[in-house]
Structures are given as C-alpha cells and as structure tokens.
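Engineer: For reference, the file coords24.cif (mmCIF, C-alpha atoms and all ligand atoms) is included below:
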```
data_target
loop_
_atom_site.group_PDB
_atom_site.id
_atom_site.type_symbol
_atom_site.label_atom_id
_atom_site.label_comp_id
_atom_site.auth_asym_id
_atom_site.auth_seq_id
_atom_site.Cartn_x
_atom_site.Cartn_y
_atom_site.Cartn_z
ATOM 1 C CA MET A 1 -1.626 43.270 -4.518
ATOM 2 C CA GLY A 2 -3.748 41.058 -2.353
ATOM 3 C CA ASP A 3 -4.353 37.346 -2.298
ATOM 4 C CA SER A 4 -7.555 37.625 -4.332
ATOM 5 C CA SER A 5 -5.871 39.160 -7.406
ATOM 6 C CA ASN A 6 -3.141 36.511 -7.302
ATOM 7 C CA SER A 7 -5.768 33.796 -6.975
ATOM 8 C CA SER A 8 -7.640 35.067 -10.009
ATOM 9 C CA ARG A 9 -4.413 35.132 -12.043
ATOM 10 C CA ALA A 10 -3.981 31.418 -11.297
ATOM 11 C CA GLY A 11 -6.699 30.619 -13.786
ATOM 12 C CA THR A 12 -5.294 32.740 -16.574
ATOM 13 C CA ALA A 13 -1.882 31.145 -17.051
ATOM 14 C CA GLY A 14 -0.846 31.809 -20.640
ATOM 15 C CA ARG A 15 -0.496 28.959 -23.094
ATOM 16 C CA VAL A 16 2.680 28.500 -25.098
ATOM 17 C CA HIS A 17 2.263 26.173 -28.045
ATOM 18 C CA TYR A 18 4.729 23.349 -28.548
ATOM 19 C CA ASP A 19 4.845 20.770 -31.291
ATOM 20 C CA PHE A 20 5.650 17.273 -30.070
ATOM 21 C CA SER A 21 4.053 15.538 -33.071
ATOM 22 C CA GLY A 22 5.395 12.016 -33.405
ATOM 23 C CA ALA A 23 7.217 12.159 -30.075
ATOM 24 C CA ARG A 24 6.915 9.120 -27.832
ATOM 25 C CA THR A 25 6.632 10.013 -24.177
ATOM 26 C CA LEU A 26 6.322 8.203 -20.861
ATOM 27 C CA VAL A 27 4.883 9.816 -17.729
ATOM 28 C CA THR A 28 5.013 7.788 -14.525
ATOM 29 C CA GLY A 29 2.130 8.487 -12.182
ATOM 30 C CA GLY A 30 0.126 9.958 -15.046
ATOM 31 C CA THR A 31 -3.190 9.005 -13.501
ATOM 32 C CA SER A 32 -3.519 11.883 -11.065
ATOM 33 C CA GLY A 33 -2.416 15.400 -10.157
ATOM 34 C CA ILE A 34 0.806 16.682 -11.695
ATOM 35 C CA GLY A 35 1.426 13.586 -13.838
ATOM 36 C CA LEU A 36 -2.061 13.709 -15.316
ATOM 37 C CA ALA A 37 -1.598 17.399 -16.176
ATOM 38 C CA ILE A 38 1.746 16.624 -17.835
ATOM 39 C CA ALA A 39 0.190 13.775 -19.833
ATOM 40 C CA ARG A 40 -2.575 16.107 -21.013
ATOM 41 C CA VAL A 41 -0.257 18.872 -22.237
ATOM 42 C CA LEU A 42 1.910 16.339 -24.050
ATOM 43 C CA LEU A 43 -1.181 14.897 -25.747
ATOM 44 C CA GLU A 44 -2.334 18.411 -26.711
ATOM 45 C CA ALA A 45 1.125 19.034 -28.184
ATOM 46 C CA GLY A 46 0.722 15.990 -30.429
ATOM 47 C CA ALA A 47 2.804 13.436 -28.544
ATOM 48 C CA GLU A 48 2.078 9.748 -28.067
ATOM 49 C CA VAL A 49 1.751 9.387 -24.298
ATOM 50 C CA THR A 50 2.140 6.319 -22.110
ATOM 51 C CA VAL A 51 1.123 6.794 -18.496
ATOM 52 C CA THR A 52 1.653 4.506 -15.536
ATOM 53 C CA GLY A 53 -0.453 4.005 -12.426
ATOM 54 C CA THR A 54 -0.642 1.405 -9.690
ATOM 55 C CA ARG A 55 -4.063 -0.012 -10.608
ATOM 56 C CA GLN A 56 -4.658 -2.851 -13.028
ATOM 57 C CA ALA A 57 -6.376 -0.956 -15.843
ATOM 58 C CA SER A 58 -7.024 2.617 -16.951
ATOM 59 C CA SER A 59 -10.747 1.970 -16.445
ATOM 60 C CA ASP A 60 -10.019 1.665 -12.702
ATOM 61 C CA TYR A 61 -9.503 5.445 -12.615
ATOM 62 C CA GLU A 62 -12.066 8.226 -12.584
ATOM 63 C CA ALA A 63 -9.632 10.481 -14.433
ATOM 64 C CA ASP A 64 -10.074 10.585 -18.192
ATOM 65 C CA LEU A 65 -7.025 8.797 -19.599
ATOM 66 C CA GLN A 66 -8.409 8.644 -23.122
ATOM 67 C CA GLY A 67 -5.711 9.010 -25.745
ATOM 68 C CA CYS A 68 -3.003 7.617 -23.447
ATOM 69 C CA THR A 69 -1.572 4.112 -23.419
ATOM 70 C CA TYR A 70 -1.806 2.736 -19.903
ATOM 71 C CA ARG A 71 0.793 0.545 -18.135
ATOM 72 C CA GLN A 72 0.453 -0.732 -14.589
ATOM 73 C CA LEU A 73 3.573 -0.096 -12.498
ATOM 74 C CA ASP A 74 4.520 -0.294 -8.848
ATOM 75 C CA LEU A 75 7.769 1.628 -8.480
ATOM 76 C CA ALA A 76 8.711 -0.543 -5.505
ATOM 77 C CA ASP A 77 9.077 -3.449 -7.958
ATOM 78 C CA LEU A 78 12.419 -2.560 -9.499
ATOM 79 C CA GLU A 79 12.399 -5.496 -11.916
ATOM 80 C CA ALA A 80 9.071 -4.314 -13.308
ATOM 81 C CA VAL A 81 10.539 -0.814 -13.554
ATOM 82 C CA GLU A 82 13.453 -2.128 -15.638
ATOM 83 C CA ARG A 83 11.124 -4.193 -17.834
ATOM 84 C CA LEU A 84 9.011 -1.129 -18.556
ATOM 85 C CA GLY A 85 12.029 0.932 -19.595
ATOM 86 C CA GLN A 86 13.397 -1.848 -21.798
ATOM 87 C CA SER A 87 10.037 -2.246 -23.561
ATOM 88 C CA PHE A 88 10.502 1.043 -25.432
ATOM 89 C CA GLU A 89 12.317 0.823 -28.709
ATOM 90 C CA ARG A 90 12.407 4.610 -28.976
ATOM 91 C CA LEU A 91 11.497 7.268 -26.421
ATOM 92 C CA ASP A 92 11.696 11.055 -26.716
ATOM 93 C CA VAL A 93 10.612 12.235 -23.261
ATOM 94 C CA LEU A 94 10.623 10.430 -19.918
ATOM 95 C CA VAL A 95 8.900 12.186 -17.027
ATOM 96 C CA ASN A 96 9.752 10.587 -13.686
ATOM 97 C CA ASN A 97 6.767 12.031 -11.878
ATOM 98 C CA ALA A 98 5.264 9.256 -9.718
ATOM 99 C CA GLY A 99 6.056 9.509 -6.037
ATOM 100 C CA ASN A 100 4.599 9.077 -2.625
ATOM 101 C CA THR A 101 5.153 9.867 1.021
ATOM 102 C CA PHE A 102 5.717 7.099 3.565
ATOM 103 C CA SER A 103 6.024 6.970 7.355
ATOM 104 C CA SER A 104 9.481 6.938 8.949
ATOM 105 C CA GLU A 105 9.057 3.161 9.518
ATOM 106 C CA GLU A 106 9.018 2.777 5.726
ATOM 107 C CA PHE A 107 12.228 4.711 5.062
ATOM 108 C CA GLU A 108 13.695 2.165 2.627
ATOM 109 C CA ARG A 109 10.459 1.917 0.679
ATOM 110 C CA ALA A 110 10.328 5.714 0.380
ATOM 111 C CA ILE A 111 13.861 5.748 -1.033
ATOM 112 C CA THR A 112 13.068 2.902 -3.444
ATOM 113 C CA VAL A 113 9.890 4.465 -4.833
ATOM 114 C CA ASN A 114 11.027 8.100 -4.937
ATOM 115 C CA LEU A 115 14.705 7.744 -5.887
ATOM 116 C CA THR A 116 16.006 4.267 -6.765
ATOM 117 C CA ALA A 117 13.162 3.585 -9.203
ATOM 118 C CA VAL A 118 13.836 6.916 -10.923
ATOM 119 C CA HIS A 119 17.428 5.865 -11.512
ATOM 120 C CA HIS A 120 16.449 2.384 -12.699
ATOM 121 C CA LEU A 121 13.809 3.674 -15.091
ATOM 122 C CA SER A 122 16.072 6.395 -16.488
ATOM 123 C CA ARG A 123 18.900 3.911 -16.996
ATOM 124 C CA SER A 124 16.671 1.314 -18.646
ATOM 125 C CA CYS A 125 15.161 3.982 -20.950
ATOM 126 C CA ARG A 126 18.597 5.247 -21.978
ATOM 127 C CA PRO A 127 18.949 3.200 -25.196
ATOM 128 C CA ALA A 128 15.444 4.261 -26.281
ATOM 129 C CA LEU A 129 16.168 7.915 -25.441
ATOM 130 C CA GLN A 130 19.351 7.754 -27.523
ATOM 131 C CA ARG A 131 17.094 7.012 -30.503
ATOM 132 C CA SER A 132 14.973 10.151 -29.968
ATOM 133 C CA VAL A 133 13.877 11.850 -33.159
ATOM 134 C CA LEU A 134 13.482 15.247 -31.482
ATOM 135 C CA GLN A 135 15.821 17.916 -32.767
ATOM 136 C CA CYS A 136 16.853 18.695 -29.192
ATOM 137 C CA GLY A 137 17.379 15.006 -28.375
ATOM 138 C CA GLY A 138 15.830 12.791 -25.756
ATOM 139 C CA SER A 139 14.970 14.319 -22.429
ATOM 140 C CA ILE A 140 14.274 13.280 -18.847
ATOM 141 C CA VAL A 141 12.288 15.445 -16.431
ATOM 142 C CA ASN A 142 12.302 14.466 -12.751
ATOM 143 C CA ILE A 143 9.939 15.898 -10.152
ATOM 144 C CA ALA A 144 11.673 17.252 -7.051
ATOM 145 C CA SER A 145 10.154 19.189 -4.162
ATOM 146 C CA MET A 146 10.701 21.903 -1.574
ATOM 147 C CA MET A 147 11.732 18.945 0.591
ATOM 148 C CA SER A 148 14.738 18.604 -1.731
ATOM 149 C CA PHE A 149 16.112 21.736 -0.059
ATOM 150 C CA PHE A 150 14.448 22.248 3.331
ATOM 151 C CA GLY A 151 14.409 20.147 6.474
ATOM 152 C CA SER A 152 11.037 18.930 7.625
ATOM 153 C CA PRO A 153 9.870 16.893 10.611
ATOM 154 C CA TYR A 154 7.714 14.811 8.269
ATOM 155 C CA PHE A 155 8.472 11.931 5.896
ATOM 156 C CA PRO A 156 12.287 11.503 6.310
ATOM 157 C CA GLY A 157 12.587 8.985 3.465
ATOM 158 C CA TYR A 158 10.638 11.188 1.070
ATOM 159 C CA GLY A 159 12.778 14.255 1.895
ATOM 160 C CA ALA A 160 16.037 12.329 1.530
ATOM 161 C CA ALA A 161 14.868 10.868 -1.791
ATOM 162 C CA LYS A 162 13.758 14.244 -3.165
ATOM 163 C CA ALA A 163 17.119 15.769 -2.187
ATOM 164 C CA GLY A 164 18.732 12.851 -4.017
ATOM 165 C CA ILE A 165 16.664 13.610 -7.117
ATOM 166 C CA VAL A 166 18.397 16.996 -7.500
ATOM 167 C CA GLN A 167 21.825 15.346 -7.396
ATOM 168 C CA LEU A 168 20.778 12.371 -9.542
ATOM 169 C CA THR A 169 19.522 14.863 -12.133
ATOM 170 C CA LYS A 170 22.982 16.450 -12.343
ATOM 171 C CA THR A 171 24.714 13.076 -12.492
ATOM 172 C CA CYS A 172 22.506 11.678 -15.275
ATOM 173 C CA ALA A 173 22.866 14.962 -17.161
ATOM 174 C CA ALA A 174 26.652 14.719 -16.997
ATOM 175 C CA LEU A 175 26.676 11.001 -17.832
ATOM 176 C CA TRP A 176 24.393 11.139 -20.859
ATOM 177 C CA ALA A 177 24.920 14.604 -22.352
ATOM 178 C CA GLY A 178 27.297 13.082 -24.897
ATOM 179 C CA GLU A 179 24.441 10.875 -26.105
ATOM 180 C CA GLY A 180 22.166 13.864 -26.664
ATOM 181 C CA ILE A 181 20.042 13.120 -23.583
ATOM 182 C CA ARG A 182 19.220 16.101 -21.383
ATOM 183 C CA THR A 183 18.137 15.565 -17.773
ATOM 184 C CA ASN A 184 16.411 18.242 -15.717
ATOM 185 C CA ALA A 185 14.150 18.454 -12.679
ATOM 186 C CA ILE A 186 11.323 20.613 -11.406
ATOM 187 C CA ALA A 187 11.181 21.444 -7.702
ATOM 188 C CA ALA A 188 7.483 21.917 -7.153
ATOM 189 C CA GLY A 189 6.098 24.086 -4.388
ATOM 190 C CA SER A 190 2.694 23.402 -2.857
ATOM 191 C CA ILE A 191 0.413 22.164 -5.602
ATOM 192 C CA LYS A 192 -3.206 21.159 -5.079
ATOM 193 C CA THR A 193 -3.401 17.424 -5.810
ATOM 194 C CA ARG A 194 -4.624 14.235 -4.167
ATOM 195 C CA MET A 195 -1.267 13.993 -2.347
ATOM 196 C CA THR A 196 -1.748 17.362 -0.658
ATOM 197 C CA GLN A 197 -5.542 17.142 -0.209
ATOM 198 C CA THR A 198 -5.335 16.697 3.583
ATOM 199 C CA TYR A 199 -3.183 19.830 3.937
ATOM 200 C CA CYS A 200 -5.393 21.821 1.581
ATOM 201 C CA ASP A 201 -8.455 20.839 3.580
ATOM 202 C CA ASP A 202 -6.814 21.878 6.855
ATOM 203 C CA ARG A 203 -7.500 25.623 6.873
ATOM 204 C CA SER A 204 -4.570 26.492 9.157
ATOM 205 C CA VAL A 205 -2.033 24.558 7.046
ATOM 206 C CA HIS A 206 -3.537 25.881 3.831
ATOM 207 C CA ASP A 207 -3.359 29.481 5.036
ATOM 208 C CA LEU A 208 0.142 29.105 6.488
ATOM 209 C CA ILE A 209 1.524 27.953 3.137
ATOM 210 C CA THR A 210 -0.392 30.682 1.296
ATOM 211 C CA ALA A 211 1.001 33.308 3.694
ATOM 212 C CA LYS A 212 4.591 32.048 3.207
ATOM 213 C CA THR A 213 4.266 32.125 -0.587
ATOM 214 C CA PRO A 214 5.002 35.544 -2.202
ATOM 215 C CA LEU A 215 2.435 34.872 -4.942
ATOM 216 C CA ALA A 216 -0.004 34.182 -2.087
ATOM 217 C CA ARG A 217 -1.609 31.031 -3.417
ATOM 218 C CA TRP A 218 -1.101 27.313 -4.015
ATOM 219 C CA GLY A 219 -0.021 26.173 -7.444
ATOM 220 C CA ARG A 220 -1.974 24.147 -9.990
ATOM 221 C CA PRO A 221 -0.759 20.912 -11.616
ATOM 222 C CA GLU A 222 -0.961 22.673 -15.012
ATOM 223 C CA GLU A 223 1.718 25.125 -13.850
ATOM 224 C CA ILE A 224 4.160 22.255 -13.281
ATOM 225 C CA ALA A 225 3.097 20.694 -16.593
ATOM 226 C CA ALA A 226 3.958 23.928 -18.426
ATOM 227 C CA ALA A 227 7.478 23.813 -16.981
ATOM 228 C CA ALA A 228 7.848 20.114 -17.893
ATOM 229 C CA LEU A 229 6.841 20.833 -21.473
ATOM 230 C CA PHE A 230 9.348 23.682 -21.707
ATOM 231 C CA LEU A 231 12.197 21.573 -20.300
ATOM 232 C CA SER A 232 11.414 18.810 -22.818
ATOM 233 C CA SER A 233 11.298 21.234 -25.741
ATOM 234 C CA SER A 234 13.967 22.611 -28.060
ATOM 235 C CA GLY A 235 13.546 25.942 -26.221
ATOM 236 C CA ALA A 236 15.455 24.264 -23.399
ATOM 237 C CA GLY A 237 17.944 22.625 -25.757
ATOM 238 C CA PHE A 238 20.966 24.089 -23.898
ATOM 239 C CA ILE A 239 19.597 23.331 -20.418
ATOM 240 C CA THR A 240 20.676 20.154 -18.658
ATOM 241 C CA GLY A 241 21.302 19.164 -15.057
ATOM 242 C CA HIS A 242 19.099 22.011 -13.887
ATOM 243 C CA THR A 243 16.417 21.969 -11.201
ATOM 244 C CA LEU A 244 13.781 24.554 -12.042
ATOM 245 C CA VAL A 245 11.962 25.857 -8.987
ATOM 246 C CA VAL A 246 8.225 26.356 -9.593
ATOM 247 C CA ASP A 247 6.901 27.415 -6.210
ATOM 248 C CA GLY A 248 5.309 30.879 -6.359
ATOM 249 C CA GLY A 249 8.432 32.255 -4.662
ATOM 250 C CA TYR A 250 8.088 30.076 -1.524
ATOM 251 C CA SER A 251 11.795 29.237 -1.407
ATOM 252 C CA ILE A 252 13.124 32.785 -1.766
ATOM 253 C CA ILE A 253 11.720 34.004 1.535
ATOM 254 C CA ASP A 254 13.810 33.527 4.678
ATOM 255 C CA THR A 255 11.201 33.258 7.450
HETATM 256 N N1 LIG B 301 1.538 18.126 -4.882
HETATM 257 C C1 LIG B 301 2.590 18.771 -4.431
HETATM 258 O O1 LIG B 301 2.480 19.796 -3.727
HETATM 259 C C2 LIG B 301 3.984 18.278 -4.766
HETATM 260 C C3 LIG B 301 5.060 19.085 -4.386
HETATM 261 C C4 LIG B 301 6.349 18.664 -4.701
HETATM 262 C C5 LIG B 301 6.553 17.494 -5.393
HETATM 263 N N2 LIG B 301 5.488 16.715 -5.727
HETATM 264 C C6 LIG B 301 5.765 15.479 -6.454
HETATM 265 O O2 LIG B 301 4.995 15.439 -7.623
HETATM 266 C C7 LIG B 301 4.786 14.088 -7.999
HETATM 267 C C8 LIG B 301 3.307 13.870 -8.275
HETATM 268 O O3 LIG B 301 2.582 14.081 -7.079
HETATM 269 P P1 LIG B 301 1.069 14.590 -7.046
HETATM 270 O O4 LIG B 301 1.009 15.676 -6.054
HETATM 271 O O5 LIG B 301 0.581 14.803 -8.401
HETATM 272 O O6 LIG B 301 0.384 13.312 -6.355
HETATM 273 P P2 LIG B 301 -0.864 12.409 -6.752
HETATM 274 O O7 LIG B 301 -1.964 13.211 -7.326
HETATM 275 O O8 LIG B 301 -1.132 11.600 -5.525
HETATM 276 O O9 LIG B 301 -0.294 11.446 -7.897
HETATM 277 C C9 LIG B 301 0.699 10.499 -7.600
HETATM 278 C C10 LIG B 301 0.903 9.593 -8.791
HETATM 279 O O10 LIG B 301 1.972 8.688 -8.493
HETATM 280 C C11 LIG B 301 1.495 7.339 -8.589
HETATM 281 N N3 LIG B 301 2.119 6.519 -7.551
HETATM 282 C C12 LIG B 301 2.062 6.676 -6.214
HETATM 283 N N4 LIG B 301 2.740 5.707 -5.595
HETATM 284 C C13 LIG B 301 3.253 4.911 -6.561
HETATM 285 C C14 LIG B 301 4.044 3.734 -6.564
HETATM 286 N N5 LIG B 301 4.466 3.139 -5.432
HETATM 287 N N6 LIG B 301 4.363 3.158 -7.745
HETATM 288 C C15 LIG B 301 3.947 3.717 -8.900
HETATM 289 N N7 LIG B 301 3.196 4.835 -8.977
HETATM 290 C C16 LIG B 301 2.852 5.419 -7.807
HETATM 291 C C17 LIG B 301 -0.006 7.429 -8.386
HETATM 292 O O11 LIG B 301 -0.643 6.301 -8.972
HETATM 293 P P3 LIG B 301 -2.149 5.872 -8.505
HETATM 294 O O12 LIG B 301 -3.069 6.930 -9.035
HETATM 295 O O13 LIG B 301 -2.366 4.541 -9.093
HETATM 296 O O14 LIG B 301 -2.102 5.844 -6.993
HETATM 297 C C18 LIG B 301 -0.318 8.729 -9.106
HETATM 298 O O15 LIG B 301 -0.391 8.521 -10.492
HETATM 299 C C19 LIG B 301 5.356 13.228 -6.868
HETATM 300 O O16 LIG B 301 6.656 12.805 -7.194
HETATM 301 C C20 LIG B 301 5.411 14.204 -5.728
HETATM 302 O O17 LIG B 301 6.385 13.843 -4.785
HETATM 303 C C21 LIG B 301 4.209 17.078 -5.439
#
```
Re-express the file's structure as structure tokens.
Structural biologist:
Amino acid sequence: MGDSSNSSRAGTAGRVHYDFSGARTLVTGGTSGIGLAIARVLLEAGAEVTVTGTRQASSDYEADLQGCTYRQLDLADLEAVERLGQSFERLDVLVNNAGNTFSSEEFERAITVNLTAVHHLSRSCRPALQRSVLQCGGSIVNIASMMSFFGSPYFPGYGAAKAGIVQLTKTCAALWAGEGIRTNAIAAGSIKTRMTQTYCDDRSVHDLITAKTPLARWGRPEEIAAAALFLSSSGAGFITGHTLVVDGGYSIIDT
C-alpha cells in the first residue's frame, strides 16, 4: 500500500456515535487544532462545552466557536487556572489540551504551561468532577506527545512537561479512582495544526515524518478528538491511568 491510499483513508475515518447529552465539559485550548476538534465532537454528542483560549473574547478568533461557552485563560497564570476550575459546580469531562512550545530560555514557563497548570486545573476541578452525572463518572483527558517518550534536541521544557503528563496521568488516576474520576492521556503523533504548521510547510520535515510513520501520513485533529471522546465515554469505563498512543504507528518503528 502506498502513501496515496493511506492519505485517502485519512478523510474517511468512521464515526462512532456517543451520547453526552447533559454532560458539562471543559476543553482548554479549544480555539484551535486538536482542542477545537475535541470541542466540536463533544458538541455533536450533545454536551455543553466550555472552551478556553488566550484572547479576550471568542469573537477574536476566526474559528467558529458557536455553541461553546468561551473563557479567557493564560495557563501561566496559575491563580486564574484555579479560579476557572473552582467556578464549575459540576463537571463531567475535563480535557487538558492547551499547550505550547517554548525556547530553552523559557524552561520554567514551558513546565508551568504544559504540566503545572494541568495539575492545578485537574485538582481544582476535582470537586466538580466528583459530582459528574455520567454513568461512568467524571473523566480527565490529558494531551501528551511523542516527546513524552523520545529525546529531542528541541524544546527541552516542553519535552520534560509532556513526559511528566504521562506520569501525572497515572498519579491522578490512582488518587481519584475511589471518587469515580478516571484520568487518561493521549500521546499524539504528528498532527496538522497551527502548532506544527512550520514543520508541515517545510517539505523535508514533512516528508521525513511521513516516511517514519507506518501509516505514511500526518494525523488530523479529528483523529485525536475521536480518541478523547472514547476515553471520556462509558466504553472506556474500566480504563484509567492509561496513555493511548495515536500516532499512525510512528512510535513502534525503531529507526
Ligand atoms: N499538533 C501536534 O502534532 C501535537 C502532537 C502532540 C501533542 N500535541 C499537543 O496537543 C495540544 C494542542 O496542540 P495543537 O497542535 O492543537 O496546537 P494549536 O492549534 O496551536 O492550539 C493550541 C491551543 O492552546 C492554547 N494555548 C497556547 N498557549 C496557551 C497558554 N499559555 N495558555 C492557555 N492556552 C494556551 C491556544 O490558544 P490561542 O488560540 O488563544 O493561542 C490554542 O487554543 C497541545 O498540548 C500540544 O502540545 C500536539
């Protein structure tokens, strides 16, 4: 099978229907890329969706955020992160999606935004998640990365934080399982979003990643969203502390 047949399959990903009617959900970084795709599938499944972004208002974005409640949030502001979590009386699904890369000079900031804020938001949402009305209980989905597992000469703070996300996911799962809160993560491979635009546009980088990926293509945000929906659903009711790799097979090849 060549690249072209795999590329054409990318557009035909099957739809599984979930019912999240009445569920209250929060997706950080829901204004773009993976977070926006997650917000859209949750909306389609009947959930109430709150998204966060760094800009003042939802009208500051080109993306269509209709149907979502918008909250401004800078993850570097940990007090604001706590306030956001505490503002929910009940929450059924928390998706800690927002993240960003930073230069090595901004190591601490990278850890704060990509790891510490995830812990603070999860902890401050805990009472609301305990009150989940979902049959499978409240659920947290964190977004990890290939950089959770592999060394890279780029973005040391981002890589360290994403590695920490895998461990934090296990810890929160163990801590809060008794309260009916499941915590899982998705380790995303190379997905075409604003964050990876520069690499996608660089033909040599684009082709190198495609060549290293058994499914011979980049992933789409919707393919991460499908995994997030599954992990939040009763179909994953016995899954907690797990990091689901969604990478087209990138991580199974030893080259
Ligand atoms: N794309 C990939 O290949 C890939 C692979 C592995 C993991 N991931 C992870 O997937 C997640 C989503 O990334 P993406 O590729 O979808 O990127 P994206 O399209 O650039 O979206 C990033 C989102 O995070 C928000 N954000 C960025 N910095 C923030 C901050 N300091 N405080 C609060 N919100 C902030 C952005 O808000 P604004 O729109 O306001 O800037 C945006 O909503 C990230 O955690 C990323 O590390 C991505």
Engineer: Running the PyMOL selection byres (((not hetatm)) within 8 of (chain B and resi 301)) on this model by hand, what would come out? Give it as a PyMOL selection string.
Structural biologist: chain A and resi 28-36+52-55+61+73-76+96-101+113-114+143-147+158+162+187-196+219+221
Engineer: Got a sec: who's within 7 Å of Tyr70 (chain A), counting only C-alpha atoms, leaving out chain neighbours fewer than 3 positions off, as a list in words?
Structural biologist: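 The filter keeps Thr50, Val51, Thr52 and Ser58 of chain A.
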Engineer: So, counting all atoms listed in the file, which residue among A:Asp207, A:Pro127, A:Tyr154, A:Ser122 is closest to Thr169 (chain A)?
Structural biologist: A:Ser122
Engineer: Point out the residue among A:Ala117, A:Ile186, A:Ile209, A:Leu231 with the least atom-to-atom distance to Leu244 (chain A), counting only C-alpha atoms.
Structural biologist: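 Going through A:Ala117, A:Ile186, A:Ile209, A:Leu231 one by one, the smallest distance to Leu244 (chain A) is for A:Ile186.
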Engineer: Can you pull out every residue within 7 Å of region 176-185 of chain A, counting all atoms listed in the file, but drop anything in the same chain fewer than 5 positions away, and send it as a PyMOL selection string?
Structural biologist: chain A and resi 129-130+137-144+166+169+240-244
Engineer: Have a look at A:Val16, A:Ala225, A:Leu215, A:Ile239 and name the one nearest to Lys170 (chain A); count only C-alpha atoms.
Structural biologist: A:Ile239
Engineer: Calculated over all atoms listed in the file, which of the candidates A:Val205, A:Leu26, A:Ala174, A:Val49 has the smallest distance to Cys125 (chain A)?
Structural biologist: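 Closest to Cys125 (chain A), using all atoms listed in the file: A:Leu26.
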Engineer: Take the PyMOL selection byres (((chain A and resi 41) around 10) and not hetatm), apply it to the structure above, and return the hits as a tab-separated table (two decimals) with C-alpha atoms, in the frame of the given file.
Structural biologist:
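Result file is result_14.tsv:
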```tsv
chain	number	residue	atom	x	y	z
A	17	HIS	CA	2.26	26.17	-28.04
A	18	TYR	CA	4.73	23.35	-28.55
A	20	PHE	CA	5.65	17.27	-30.07
A	36	LEU	CA	-2.06	13.71	-15.32
A	37	ALA	CA	-1.60	17.40	-16.18
A	38	ILE	CA	1.75	16.62	-17.84
A	39	ALA	CA	0.19	13.78	-19.83
A	40	ARG	CA	-2.58	16.11	-21.01
A	42	LEU	CA	1.91	16.34	-24.05
A	43	LEU	CA	-1.18	14.90	-25.75
A	44	GLU	CA	-2.33	18.41	-26.71
A	45	ALA	CA	1.12	19.03	-28.18
A	46	GLY	CA	0.72	15.99	-30.43
A	47	ALA	CA	2.80	13.44	-28.54
A	49	VAL	CA	1.75	9.39	-24.30
A	222	GLU	CA	-0.96	22.67	-15.01
A	225	ALA	CA	3.10	20.69	-16.59
A	226	ALA	CA	3.96	23.93	-18.43
A	228	ALA	CA	7.85	20.11	-17.89
A	229	LEU	CA	6.84	20.83	-21.47
```
Engineer: Given the choices A:Gly248, A:Ser132, A:Leu78, A:Val93, which gets closest to Phe230 (chain A) if the distance is worked out from all atoms listed in the file?
Structural biologist: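 Closest to Phe230 (chain A), using all atoms listed in the file: A:Val93.
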Engineer: Counting all atoms listed in the file, which residue out of A:Val133, A:Ala160, A:Ile165, A:Cys200 sits closest to Ser234 (chain A)?
Structural biologist: A:Val133
Engineer: Between CA of Gly157 (chain A) and CA of Ala110 (chain A), what distance in Å does the model show, to one decimal?
Structural biologist: 5.0 Å
Engineer: Mind pulling up the distance from CA of Gly164 (chain A) to CA of Thr210 (chain A)?
Structural biologist: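 Here the two named atoms are 26.7 Å from each other.
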Engineer: Expressed in Å to a single decimal, how great is the separation between CA of Ala23 (chain A) and CA of Cys68 (chain A)?
Structural biologist: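 These two atoms are separated by 13.0 Å.
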Engineer: Counting all atoms listed in the file, which residues have an atom no more than 12 Å from (6.3, -2.2, -22.8) in the file's coordinates? Please list them as a count of residues only.
Structural biologist: 24
Engineer: Please provide the set of residues having any atom within 9 Å of Pro214 (chain A), restricted to all atoms listed in the file, with same-chain residues fewer than 5 positions apart removed, written as a PyMOL selection string.
Structural biologist: chain A and resi 248-250+252-253
